[in-house]
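Student: Next up, coords_1.txt (compact mmCIF, C-alpha atoms and all ligand atoms).
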```txt
# COMPACT_ATOMS: atom_id res chain seq x y z
CA MET A 1 0.00 0.00 0.00
CA HIS A 2 1.11 3.56 -0.71
CA GLU A 3 1.27 4.83 2.88
CA HIS A 4 2.46 8.25 1.71
CA TYR A 5 -0.98 8.73 0.16
CA LEU A 6 -2.38 8.89 3.70
CA GLU A 7 -1.46 12.54 4.07
CA PRO A 8 -3.96 15.33 4.70
CA ASP A 9 -2.67 17.25 1.67
CA ARG A 10 -3.91 14.42 -0.58
CA ILE A 11 -7.38 15.90 0.03
CA ARG A 12 -8.28 18.74 -2.34
CA LEU A 13 -11.29 20.98 -1.84
CA VAL A 14 -12.40 22.54 -5.13
CA GLU A 15 -14.93 25.21 -6.08
CA ASN A 16 -15.05 24.10 -9.70
CA LEU A 17 -14.87 20.52 -10.79
CA SER A 18 -12.72 19.98 -13.84
CA TYR A 19 -13.27 16.94 -16.05
CA PRO A 20 -10.32 14.51 -16.01
CA ASP A 21 -8.19 14.55 -19.16
CA SER A 22 -7.33 10.84 -19.31
CA GLY A 23 -8.16 7.44 -17.86
CA LEU A 24 -11.51 5.82 -17.11
CA ILE A 25 -14.50 6.86 -15.01
CA ILE A 26 -16.74 4.81 -12.74
CA ALA A 27 -19.70 6.75 -11.39
CA ASP A 28 -22.81 6.19 -9.30
CA ALA A 29 -25.64 5.85 -11.84
CA ILE A 30 -27.67 8.52 -10.02
CA LEU A 31 -25.08 11.16 -10.89
CA LYS A 32 -25.86 10.84 -14.59
CA GLN A 33 -29.37 12.14 -13.81
CA HIS A 34 -28.26 15.01 -11.61
CA TYR A 35 -25.05 16.05 -13.38
CA ARG A 36 -25.68 15.07 -17.00
CA ASP A 37 -23.69 17.99 -18.49
CA PHE A 38 -20.60 16.98 -16.55
CA PHE A 39 -20.68 13.22 -17.18
CA GLU A 40 -22.34 12.95 -20.60
CA ARG A 41 -20.13 15.06 -22.85
CA ASN A 42 -19.39 14.23 -26.46
CA ASP A 43 -15.64 13.91 -26.03
CA GLY A 44 -15.93 12.27 -22.58
CA LEU A 45 -13.85 9.42 -21.20
CA PRO A 46 -15.17 5.83 -21.19
CA THR A 47 -17.57 5.73 -18.23
CA LEU A 48 -19.16 2.87 -16.33
CA TYR A 49 -22.28 3.77 -14.33
CA MET A 50 -23.18 1.53 -11.41
CA PRO A 51 -26.14 1.51 -9.03
CA ALA A 52 -25.30 2.18 -5.38
CA SER A 53 -26.84 -0.57 -3.28
CA GLU A 54 -25.45 -2.73 -0.47
CA LYS A 55 -26.99 -5.70 -2.31
CA SER A 56 -24.85 -5.07 -5.37
CA LYS A 57 -21.64 -4.27 -3.49
CA ASN A 58 -20.43 -7.74 -4.37
CA HIS A 59 -18.42 -9.98 -6.69
CA ARG A 60 -20.96 -9.76 -9.50
CA SER A 61 -20.49 -5.98 -9.70
CA LEU A 62 -16.76 -6.47 -9.39
CA ALA A 63 -16.84 -8.74 -12.45
CA ILE A 64 -18.63 -5.96 -14.39
CA ILE A 65 -15.84 -3.58 -13.39
CA TYR A 66 -13.07 -6.02 -14.42
CA THR A 67 -14.80 -6.57 -17.78
CA PHE A 68 -14.98 -2.80 -18.34
CA PHE A 69 -11.26 -2.45 -17.50
CA THR A 70 -10.35 -5.33 -19.81
CA LYS A 71 -12.40 -3.98 -22.73
CA GLN A 72 -10.86 -0.55 -22.27
CA ASN A 73 -7.39 -2.09 -22.04
CA LEU A 74 -6.66 -0.39 -18.69
CA LYS A 75 -2.96 -0.35 -17.90
CA ARG A 76 -1.41 -0.14 -14.43
CA SER A 77 -0.19 3.38 -15.20
CA ASP A 78 -3.70 4.55 -16.16
CA THR A 79 -5.95 6.36 -13.70
CA VAL A 80 -9.47 5.37 -12.72
CA HIS A 81 -11.60 8.28 -11.47
CA ILE A 82 -14.39 7.21 -9.13
CA TYR A 83 -17.41 9.42 -8.43
CA GLY A 84 -19.91 8.27 -5.82
CA GLY A 85 -20.80 7.70 -2.20
CA GLY A 86 -19.27 5.10 0.10
CA ILE A 87 -20.74 2.15 -1.78
CA ILE A 88 -19.31 3.04 -5.20
CA CYS A 89 -16.02 4.26 -3.69
CA ASP A 90 -15.57 1.00 -1.71
CA LEU A 91 -16.60 -1.28 -4.57
CA ALA A 92 -14.82 0.42 -7.47
CA ALA A 93 -11.66 1.19 -5.48
CA TYR A 94 -11.40 -2.51 -4.61
CA GLY A 95 -11.67 -3.23 -8.35
CA VAL A 96 -8.87 -0.75 -9.09
CA ALA A 97 -6.73 -2.12 -6.23
CA THR A 98 -6.94 -5.68 -7.52
CA PHE A 99 -6.94 -5.27 -11.32
CA LYS A 100 -3.42 -6.03 -12.55
CA ARG A 101 -2.37 -5.78 -8.87
CA GLY A 102 -3.36 -2.13 -8.69
CA CYS A 103 -3.85 0.80 -11.06
CA ARG A 104 -3.89 4.53 -10.32
CA LEU A 105 -6.87 5.70 -8.28
CA LYS A 106 -8.53 9.09 -7.72
CA LEU A 107 -11.69 9.50 -5.67
CA TYR A 108 -14.42 12.14 -5.97
CA PRO A 109 -16.79 11.47 -3.04
CA THR A 110 -20.33 12.69 -3.69
CA THR A 111 -22.02 12.04 -0.31
CA LEU A 112 -21.16 13.74 2.98
CA LEU A 113 -20.36 10.35 4.50
CA ALA A 114 -17.89 9.59 1.72
CA MET A 115 -16.31 13.07 1.92
CA VAL A 116 -15.54 12.86 5.64
CA ASP A 117 -15.22 9.11 6.05
CA ALA A 118 -15.52 6.39 3.36
CA ALA A 119 -13.18 7.94 0.76
CA ILE A 120 -10.54 8.68 3.41
CA GLY A 121 -7.99 6.18 4.69
CA GLY A 122 -7.72 3.58 1.95
CA LYS A 123 -10.14 0.88 3.06
CA CYS A 124 -12.07 -0.65 0.18
CA ALA A 125 -14.17 -3.77 0.11
CA VAL A 126 -17.14 -5.77 -1.13
CA ASN A 127 -19.73 -7.69 0.87
CA TYR A 128 -19.67 -11.50 0.87
CA GLN A 129 -22.39 -13.98 1.81
CA GLY A 130 -24.30 -11.43 3.84
CA PHE A 131 -21.23 -10.13 5.69
CA LYS A 132 -20.43 -6.47 5.12
CA ASN A 133 -17.01 -5.51 3.77
CA GLN A 134 -15.78 -9.08 4.15
CA ILE A 135 -13.40 -9.09 1.17
CA GLY A 136 -11.21 -6.03 0.92
CA THR A 137 -7.86 -4.36 1.23
CA PHE A 138 -6.11 -1.08 2.02
CA TYR A 139 -5.51 0.95 -1.12
CA PRO A 140 -5.47 4.71 -0.52
CA ALA A 141 -6.29 6.99 -3.45
CA GLU A 142 -3.50 9.24 -4.65
CA GLU A 143 -5.95 12.15 -4.55
CA ILE A 144 -9.36 12.79 -3.02
CA THR A 145 -11.24 15.71 -4.54
CA ILE A 146 -14.05 17.17 -2.49
CA TYR A 147 -16.54 19.22 -4.49
CA PRO A 148 -19.17 20.30 -1.92
CA PRO A 149 -21.90 21.30 -4.46
CA PHE A 150 -22.45 17.55 -4.99
CA LEU A 151 -24.22 17.66 -1.62
CA GLN A 152 -26.98 19.90 -2.96
CA THR A 153 -28.70 16.93 -4.61
CA LEU A 154 -28.24 14.52 -1.69
CA LYS A 155 -31.38 13.48 0.21
CA PRO A 156 -31.62 14.91 3.77
CA ILE A 157 -31.64 11.38 5.24
CA GLU A 158 -28.28 10.66 3.54
CA LEU A 159 -26.87 13.99 4.68
CA ARG A 160 -27.84 13.02 8.24
CA GLN A 161 -25.85 9.75 8.00
CA GLY A 162 -22.75 11.79 7.17
CA LYS A 163 -23.41 14.15 10.04
CA ALA A 164 -23.72 11.14 12.35
CA GLU A 165 -20.15 10.05 11.52
CA MET A 166 -19.01 13.65 12.04
CA LEU A 167 -20.69 13.72 15.46
CA LYS A 168 -18.89 10.46 16.29
CA CYS A 169 -15.55 12.18 15.49
CA PHE A 170 -16.59 15.16 17.62
CA TYR A 171 -16.74 12.75 20.60
CA ILE A 172 -13.31 11.34 19.82
CA SER A 173 -11.42 14.61 19.65
CA GLU A 174 -11.70 17.84 21.59
CA GLN A 175 -9.92 19.62 18.73
CA LEU A 176 -12.84 19.44 16.30
CA SER A 177 -15.29 22.29 15.82
CA ASP A 178 -18.95 22.04 16.94
CA ILE A 179 -21.35 20.63 14.43
CA ASP A 180 -25.02 21.31 13.98
CA THR A 181 -26.77 17.97 13.64
CA SER A 182 -30.23 19.31 14.41
CA ASP A 183 -31.39 19.68 10.81
CA SER A 184 -30.49 18.76 7.26
CA SER A 185 -28.34 21.81 6.54
CA ILE A 186 -25.13 21.18 4.63
CA PRO A 187 -22.02 21.71 6.81
CA GLY A 188 -19.67 24.51 5.77
CA VAL A 189 -16.89 23.63 3.33
CA SER A 190 -14.12 24.36 5.82
CA GLN A 191 -15.76 22.05 8.33
CA ILE A 192 -16.05 19.23 5.78
CA LEU A 193 -12.34 19.64 5.07
CA GLU A 194 -11.51 19.80 8.79
CA TYR A 195 -13.30 16.51 9.49
CA ALA A 196 -11.90 14.77 6.39
CA LYS A 197 -8.36 15.78 7.41
CA PHE A 198 -9.00 14.62 10.96
CA LYS A 199 -9.81 11.12 9.72
CA MET A 200 -6.83 11.13 7.35
CA ASP A 201 -4.52 12.13 10.17
CA ILE A 202 -5.71 9.22 12.34
CA CYS A 203 -5.31 6.80 9.41
CA ALA A 204 -1.79 8.09 8.73
CA GLN A 205 -0.86 7.31 12.34
CA ASP A 206 -2.29 3.80 12.07
CA PRO A 207 -2.57 2.74 8.40
CA HIS A 208 -3.51 -0.89 9.14
CA ASP A 209 -6.11 -0.30 11.82
CA GLN A 210 -4.23 -1.80 14.74
CA GLY A 211 -4.27 1.03 17.27
CA ILE A 212 -5.65 4.57 17.38
CA ARG A 213 -7.66 4.12 14.16
CA ARG A 214 -9.92 1.71 16.04
CA THR A 215 -11.27 4.64 18.06
CA LEU A 216 -13.14 5.57 14.85
CA ASN A 217 -15.33 2.58 15.69
CA PHE A 218 -16.86 4.53 18.59
CA GLY A 219 -20.60 3.71 18.69
CA HIS A 220 -20.16 0.98 16.09
CA THR A 221 -20.17 -2.14 18.32
CA PHE A 222 -23.67 -1.36 19.58
CA GLY A 223 -24.60 0.34 16.28
CA HIS A 224 -23.94 -2.86 14.33
CA VAL A 225 -26.09 -4.81 16.80
CA LEU A 226 -29.01 -2.43 16.23
CA GLU A 227 -28.59 -2.57 12.46
CA ARG A 228 -28.55 -6.36 12.55
CA LEU A 229 -31.42 -6.78 15.02
CA SER A 230 -33.56 -4.40 12.97
CA GLY A 231 -32.91 -6.44 9.83
CA TYR A 232 -30.98 -3.42 8.43
CA ARG A 233 -34.13 -1.25 8.57
CA PHE A 234 -32.15 1.36 10.49
CA LYS A 235 -29.59 3.44 8.64
CA HIS A 236 -25.94 3.06 9.61
CA GLY A 237 -25.30 6.60 10.87
CA ASP A 238 -28.51 6.65 12.92
CA SER A 239 -27.57 3.28 14.45
CA VAL A 240 -24.11 4.61 15.35
CA ILE A 241 -25.70 7.55 17.20
CA ALA A 242 -27.90 5.12 19.16
CA GLY A 243 -24.74 3.04 19.73
CA ILE A 244 -22.93 6.08 21.13
CA SER A 245 -25.81 6.67 23.54
CA ALA A 246 -25.61 3.05 24.74
CA ALA A 247 -21.80 3.30 25.05
CA ILE A 248 -22.19 6.38 27.27
CA ASP A 249 -24.65 4.39 29.44
CA LEU A 250 -22.13 1.58 29.73
CA SER A 251 -19.26 3.91 30.64
CA LEU A 252 -21.36 5.43 33.41
CA LYS A 253 -22.23 1.96 34.67
CA LEU A 254 -18.55 0.92 34.64
CA GLY A 255 -17.51 4.12 36.44
CA LEU A 256 -15.39 5.30 33.50
CA ILE A 257 -17.26 8.63 33.53
CA ASP A 258 -19.22 10.47 36.20
CA SER A 259 -22.74 11.86 35.94
CA GLU A 260 -21.44 15.33 35.00
CA VAL A 261 -19.63 13.95 31.93
CA ASP A 262 -22.66 11.80 31.14
CA GLU A 263 -24.91 14.87 31.14
CA LEU A 264 -22.52 16.94 29.04
CA SER A 265 -22.11 14.13 26.50
CA ARG A 266 -25.84 13.65 26.14
CA LYS A 267 -26.39 17.34 25.42
CA ASN A 268 -24.80 17.05 21.96
CA LEU A 269 -26.63 13.83 21.23
CA SER A 270 -30.02 15.23 22.13
CA SER A 271 -30.09 17.59 19.14
CA TYR A 272 -29.55 14.72 16.66
CA PRO A 273 -32.90 13.87 15.01
CA LEU A 274 -32.81 10.15 15.79
CA PRO A 275 -35.86 8.43 14.30
CA ALA A 276 -38.40 7.58 17.02
CA ALA A 277 -38.43 3.94 15.87
CA ILE A 278 -34.74 3.55 16.82
CA ASP A 279 -35.31 5.23 20.17
CA ARG A 280 -38.21 2.88 20.89
CA PHE A 281 -36.18 -0.15 19.77
CA LEU A 282 -33.22 0.88 21.94
CA SER A 283 -35.39 1.49 25.00
CA LYS A 284 -36.58 -2.14 24.88
CA LEU A 285 -33.00 -3.45 25.10
CA SER A 286 -30.90 -3.59 28.27
CA ILE A 287 -27.12 -3.09 28.20
CA PRO A 288 -26.47 -6.80 29.01
CA ASP A 289 -28.81 -7.76 26.11
CA ILE A 290 -26.88 -5.59 23.67
CA LEU A 291 -23.53 -6.80 25.00
CA SER A 292 -24.49 -10.41 24.56
CA GLU A 293 -25.63 -9.69 20.99
CA ALA A 294 -22.38 -7.83 20.34
CA ARG A 295 -20.38 -10.84 21.51
CA GLN A 296 -22.30 -13.05 19.11
CA ASP A 297 -21.66 -10.48 16.39
CA LYS A 298 -17.93 -10.76 17.06
CA LYS A 299 -18.20 -14.53 17.58
CA ASN A 300 -16.44 -14.26 20.95
CA SER A 301 -19.22 -15.09 23.36
CA GLY A 302 -16.90 -16.33 26.12
CA SER A 303 -14.25 -13.64 26.15
CA ALA A 304 -14.03 -9.96 26.92
CA LEU A 305 -15.29 -7.58 24.28
CA LYS A 306 -12.96 -4.80 23.14
CA MET A 307 -14.98 -1.61 22.98
CA VAL A 308 -14.35 2.07 22.38
CA LEU A 309 -15.82 3.80 25.43
CA PRO A 310 -15.95 7.37 26.73
CA ILE A 311 -13.51 7.99 29.58
CA GLY A 312 -14.26 11.72 29.77
CA TYR A 313 -16.05 14.43 27.83
CA ARG A 314 -14.95 14.02 24.19
CA LYS A 315 -12.31 11.48 25.24
CA VAL A 316 -12.48 7.79 24.36
CA ALA A 317 -10.32 4.73 24.96
CA ILE A 318 -10.39 1.06 24.06
CA ARG A 319 -11.42 -1.09 27.03
CA ASP A 320 -12.10 -4.79 27.62
CA VAL A 321 -15.68 -5.32 28.73
CA SER A 322 -16.07 -8.51 30.76
CA PRO A 323 -18.59 -11.14 29.63
CA THR A 324 -20.09 -11.29 33.12
CA LEU A 325 -21.37 -7.71 33.12
P1 LIG A 401 -24.21 5.40 -0.72
O1 LIG A 401 -22.98 5.29 -1.49
O2 LIG A 401 -25.22 4.30 -0.80
O3 LIG A 401 -24.98 6.75 -1.10
C1 LIG A 401 -26.23 7.04 -0.50
C2 LIG A 401 -27.29 7.31 -1.57
O4 LIG A 401 -27.02 8.59 -2.15
C3 LIG A 401 -27.31 6.33 -2.74
O5 LIG A 401 -28.64 6.12 -3.10
C4 LIG A 401 -26.57 7.07 -3.85
O6 LIG A 401 -26.98 6.64 -5.13
C5 LIG A 401 -26.97 8.49 -3.57
N1 LIG A 401 -26.05 9.55 -4.00
C6 LIG A 401 -24.70 9.54 -3.99
N2 LIG A 401 -24.21 10.75 -4.31
C7 LIG A 401 -25.28 11.54 -4.56
C8 LIG A 401 -25.44 12.90 -4.91
N3 LIG A 401 -24.41 13.74 -5.02
N4 LIG A 401 -26.70 13.36 -5.11
C9 LIG A 401 -27.77 12.56 -4.94
N5 LIG A 401 -27.70 11.28 -4.57
C10 LIG A 401 -26.45 10.77 -4.37
O7 LIG A 401 -23.95 5.59 0.86
P2 LIG A 401 -22.82 6.26 1.73
O8 LIG A 401 -23.50 6.58 3.00
O9 LIG A 401 -22.08 7.34 1.02
O10 LIG A 401 -21.79 5.06 1.97
C11 LIG A 401 -22.12 3.89 2.68
C12 LIG A 401 -21.07 2.84 2.39
O11 LIG A 401 -19.82 3.35 2.78
C13 LIG A 401 -21.27 1.52 3.11
O12 LIG A 401 -21.19 0.47 2.17
C14 LIG A 401 -20.09 1.45 4.07
O13 LIG A 401 -19.65 0.14 4.27
C15 LIG A 401 -19.05 2.30 3.38
N6 LIG A 401 -18.08 2.92 4.28
C16 LIG A 401 -16.76 2.72 4.00
C17 LIG A 401 -15.79 3.30 4.81
C18 LIG A 401 -14.34 3.12 4.48
O14 LIG A 401 -13.48 3.51 5.28
N7 LIG A 401 -14.01 2.56 3.35
C19 LIG A 401 -16.16 4.09 5.91
C20 LIG A 401 -17.52 4.28 6.15
C21 LIG A 401 -18.48 3.68 5.33
```
What is this file in structure tokens?

Tutor:
Amino acid sequence: MHEHYLEPDRIRLVENLSYPDSGLIIADAILKQHYRDFFERNDGLPTLYMPASEKSKNHRSLAIIYTFFTKQNLKRSDTVHIYGGGIICDLAAYGVATFKRGCRLKLYPTTLLAMVDAAIGGKCAVNYQGFKNQIGTFYPAEEITIYPPFLQTLKPIELRQGKAEMLKCFYISEQLSDIDTSDSSIPGVSQILEYAKFKMDICAQDPHDQGIRRTLNFGHTFGHVLERLSGYRFKHGDSVIAGISAAIDLSLKLGLIDSEVDELSRKNLSSYPLPAAIDRFLSKLSIPDILSEARQDKKNSGSALKMVLPIGYRKVAIRDVSPTL
């Protein structure tokens, strides 16, 4: 992997999006509808449009990508430009990483979640036999271009999922600026860049996800349980917010934080418009219930569970949670 690509200056924020002058394009099919003039030009590059769905983030779609590359005679020195949210970025980047053992890759994230999270840090993957991101690798893009006007066509519910991951980062670092999660407004461009660079900086410190990068999983252990128990009815970002709330409960119970920190931490969460259905679902589950589900999720029912937990206001650490809790 090109670890030197994990540098904050690999992220470019642009006011005008210029069309690439060579290589191939893979784009989320929805972008052709919203940005026809940009993608459908007479002298345009060969472009493969793909639908963004978790169900098609798999080997069948990967085969379509490899066939496109083969037909277009893609060489290792050629660049593939990928435009899309986290699904298309993950799927197509994995195709680029594995075709001829890796070609040149540039990402143009088009959702808030991809701008501040999925396109940053080099992880790419496809789902396999119902397991998310089961087959994948680390293959950072040589450049990530953030063009915020893409967000103007994003549905408010999708915008909220991106804000959820930003709020998660807000809890991990005291350095990050306050975010407004109360409505579907688009965050300012400088804040998008700030959060994207924050993630890149953590990934640069821990490219293979063995230490500090794991703190980015804050809220995810319980979040994944909620997603799974709801049959994936709940969106990922929303589930992570509910997971953060449960993690704060657990920290209080374990004495890792006091009631003052608990209260402060909840203040930021309370403005997030969590769907009532998730709130209701969460209120029916006890912490031991969720923990036992989480152990099954990780297939380690007998041993301690490693979790990212608050140990102060906007401070987290990785702790072993005993199976007897
Ligand atoms: P997504 O890619 O499904 O996009 C959400 C929806 O928005 C889709 O319907 C898509 O077609 C549409 N869309 C995309 N751009 C648009 C635009 N500009 N205007 C209008 N509609 C647009 O979802 P996502 O939330 O961006 O990504 C979720 C995926 O990201 C998951 O598969 C997850 O596993 C992955 N992910 C990866 C990482 C990583 O580090 N690699 C991190 C977080 C999440």

Student: Hey, which residues sit close to ligand LIG 401 (chain A)? Say within 7 Å, counting all atoms listed in the file, and write them as a PDB file with C-alpha atoms, keeping the file's coordinate frame.

Tutor:
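Final output, result23.pdb:
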```pdb
ATOM      1  CA  ASP A  28     -22.810   6.190  -9.300  1.00  0.00           C
ATOM      2  CA  ALA A  29     -25.640   5.850 -11.840  1.00  0.00           C
ATOM      3  CA  ILE A  30     -27.670   8.520 -10.020  1.00  0.00           C
ATOM      4  CA  LEU A  31     -25.080  11.160 -10.890  1.00  0.00           C
ATOM      5  CA  HIS A  34     -28.260  15.010 -11.610  1.00  0.00           C
ATOM      6  CA  PRO A  51     -26.140   1.510  -9.030  1.00  0.00           C
ATOM      7  CA  ALA A  52     -25.300   2.180  -5.380  1.00  0.00           C
ATOM      8  CA  SER A  53     -26.840  -0.570  -3.280  1.00  0.00           C
ATOM      9  CA  GLU A  54     -25.450  -2.730  -0.470  1.00  0.00           C
ATOM     10  CA  GLY A  84     -19.910   8.270  -5.820  1.00  0.00           C
ATOM     11  CA  GLY A  85     -20.800   7.700  -2.200  1.00  0.00           C
ATOM     12  CA  GLY A  86     -19.270   5.100   0.100  1.00  0.00           C
ATOM     13  CA  ILE A  87     -20.740   2.150  -1.780  1.00  0.00           C
ATOM     14  CA  ILE A  88     -19.310   3.040  -5.200  1.00  0.00           C
ATOM     15  CA  ASP A  90     -15.570   1.000  -1.710  1.00  0.00           C
ATOM     16  CA  THR A 110     -20.330  12.690  -3.690  1.00  0.00           C
ATOM     17  CA  THR A 111     -22.020  12.040  -0.310  1.00  0.00           C
ATOM     18  CA  LEU A 112     -21.160  13.740   2.980  1.00  0.00           C
ATOM     19  CA  LEU A 113     -20.360  10.350   4.500  1.00  0.00           C
ATOM     20  CA  ALA A 114     -17.890   9.590   1.720  1.00  0.00           C
ATOM     21  CA  ASP A 117     -15.220   9.110   6.050  1.00  0.00           C
ATOM     22  CA  ALA A 118     -15.520   6.390   3.360  1.00  0.00           C
ATOM     23  CA  ALA A 119     -13.180   7.940   0.760  1.00  0.00           C
ATOM     24  CA  ILE A 120     -10.540   8.680   3.410  1.00  0.00           C
ATOM     25  CA  GLY A 121      -7.990   6.180   4.690  1.00  0.00           C
ATOM     26  CA  GLY A 122      -7.720   3.580   1.950  1.00  0.00           C
ATOM     27  CA  LYS A 123     -10.140   0.880   3.060  1.00  0.00           C
ATOM     28  CA  CYS A 124     -12.070  -0.650   0.180  1.00  0.00           C
ATOM     29  CA  LYS A 132     -20.430  -6.470   5.120  1.00  0.00           C
ATOM     30  CA  ASN A 133     -17.010  -5.510   3.770  1.00  0.00           C
ATOM     31  CA  PHE A 150     -22.450  17.550  -4.990  1.00  0.00           C
ATOM     32  CA  LEU A 151     -24.220  17.660  -1.620  1.00  0.00           C
ATOM     33  CA  GLN A 152     -26.980  19.900  -2.960  1.00  0.00           C
ATOM     34  CA  THR A 153     -28.700  16.930  -4.610  1.00  0.00           C
ATOM     35  CA  LEU A 154     -28.240  14.520  -1.690  1.00  0.00           C
ATOM     36  CA  LYS A 155     -31.380  13.480   0.210  1.00  0.00           C
ATOM     37  CA  GLU A 158     -28.280  10.660   3.540  1.00  0.00           C
ATOM     38  CA  GLN A 161     -25.850   9.750   8.000  1.00  0.00           C
ATOM     39  CA  GLY A 162     -22.750  11.790   7.170  1.00  0.00           C
TER      40      GLY A 162
END
```

Student: Which is closer to Thr98 in chain A than all the others in A:Leu176, A:Leu254, A:Ala27, A:Arg76, using all atoms listed in the file?

Tutor: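 Answer, going by the shortest atom-to-atom distance: A:Arg76.
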
Student: Here is a test: counting only C-alpha atoms, which residue of A:Arg213, A:Arg36, A:Lys253, A:Lys168 is nearest to Ser239 in chain A?

Tutor: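 Residue with the minimum atom-to-atom distance to Ser239 in chain A: A:Lys168.
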
Student: Counting all atoms listed in the file, what are the residues of range 33-124 of chain A within 9 Å of range 8-25 of chain A, and for each of them which pair of atoms is the nearest and at what distance in Å, to one decimal? Sort the table by chain and rising number, as CSV.

Tutor:
```
residue,atom,partner,partner_atom,distance
A:Phe38,CA,A:Tyr19,CA,7.3
A:Phe39,CA,A:Tyr19,CA,8.4
A:Gly44,CA,A:Tyr19,CA,8.5
A:Leu45,CA,A:Leu24,CA,5.9
A:Pro46,CA,A:Leu24,CA,5.5
A:Thr47,CA,A:Ile25,CA,4.6
A:Leu48,CA,A:Ile25,CA,6.3
A:Tyr49,CA,A:Ile25,CA,8.4
A:Phe69,CA,A:Leu24,CA,8.3
A:Gln72,CA,A:Leu24,CA,8.2
A:Leu74,CA,A:Gly23,CA,8.0
A:Asp78,CA,A:Gly23,CA,5.6
A:Thr79,CA,A:Gly23,CA,4.8
A:Val80,CA,A:Leu24,CA,4.9
A:His81,CA,A:Ile25,CA,4.8
A:Ile82,CA,A:Ile25,CA,5.9
A:Tyr83,CA,A:Ile25,CA,7.6
A:Ile120,CA,A:Ile11,CA,8.6
```

Student: For range 213-245 of chain A versus range 305-324 of chain A, which residues have an atom no more than 10 Å away, and what is each residue's nearest atom pair and distance in Å rounded to one decimal, using only C-alpha atoms, chain-then-number order, as a Markdown table?

Tutor:
```
| residue | atom | partner | partner_atom | distance |
| --- | --- | --- | --- | --- |
| A:Arg214 | CA | A:Val308 | CA | 7.7 |
| A:Thr215 | CA | A:Val308 | CA | 5.9 |
| A:Leu216 | CA | A:Val308 | CA | 8.4 |
| A:Asn217 | CA | A:Val308 | CA | 6.8 |
| A:Phe218 | CA | A:Val308 | CA | 5.2 |
| A:Gly219 | CA | A:Val308 | CA | 7.4 |
| A:His220 | CA | A:Val308 | CA | 8.6 |
| A:Thr221 | CA | A:Met307 | CA | 7.0 |
| A:Phe222 | CA | A:Met307 | CA | 9.3 |
| A:Ile244 | CA | A:Leu309 | CA | 8.6 |
```

Student: Let's have the selection written as an mmCIF file, keeping the file's coordinate frame, with C-alpha atoms.

Tutor:
```cif
data_model
loop_
_atom_site.group_PDB
_atom_site.id
_atom_site.type_symbol
_atom_site.label_atom_id
_atom_site.label_comp_id
_atom_site.auth_asym_id
_atom_site.auth_seq_id
_atom_site.Cartn_x
_atom_site.Cartn_y
_atom_site.Cartn_z
ATOM 1 C CA ARG A 214 -9.920 1.710 16.040
ATOM 2 C CA THR A 215 -11.270 4.640 18.060
ATOM 3 C CA LEU A 216 -13.140 5.570 14.850
ATOM 4 C CA ASN A 217 -15.330 2.580 15.690
ATOM 5 C CA PHE A 218 -16.860 4.530 18.590
ATOM 6 C CA GLY A 219 -20.600 3.710 18.690
ATOM 7 C CA HIS A 220 -20.160 0.980 16.090
ATOM 8 C CA THR A 221 -20.170 -2.140 18.320
ATOM 9 C CA PHE A 222 -23.670 -1.360 19.580
ATOM 10 C CA ILE A 244 -22.930 6.080 21.130
#
```

Student: Expressed in Å to a single decimal, how great is the separation between CA of Thr70 in chain A and CA of Gln129 in chain A?

Tutor: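 These atoms are spaced 26.2 Å apart.
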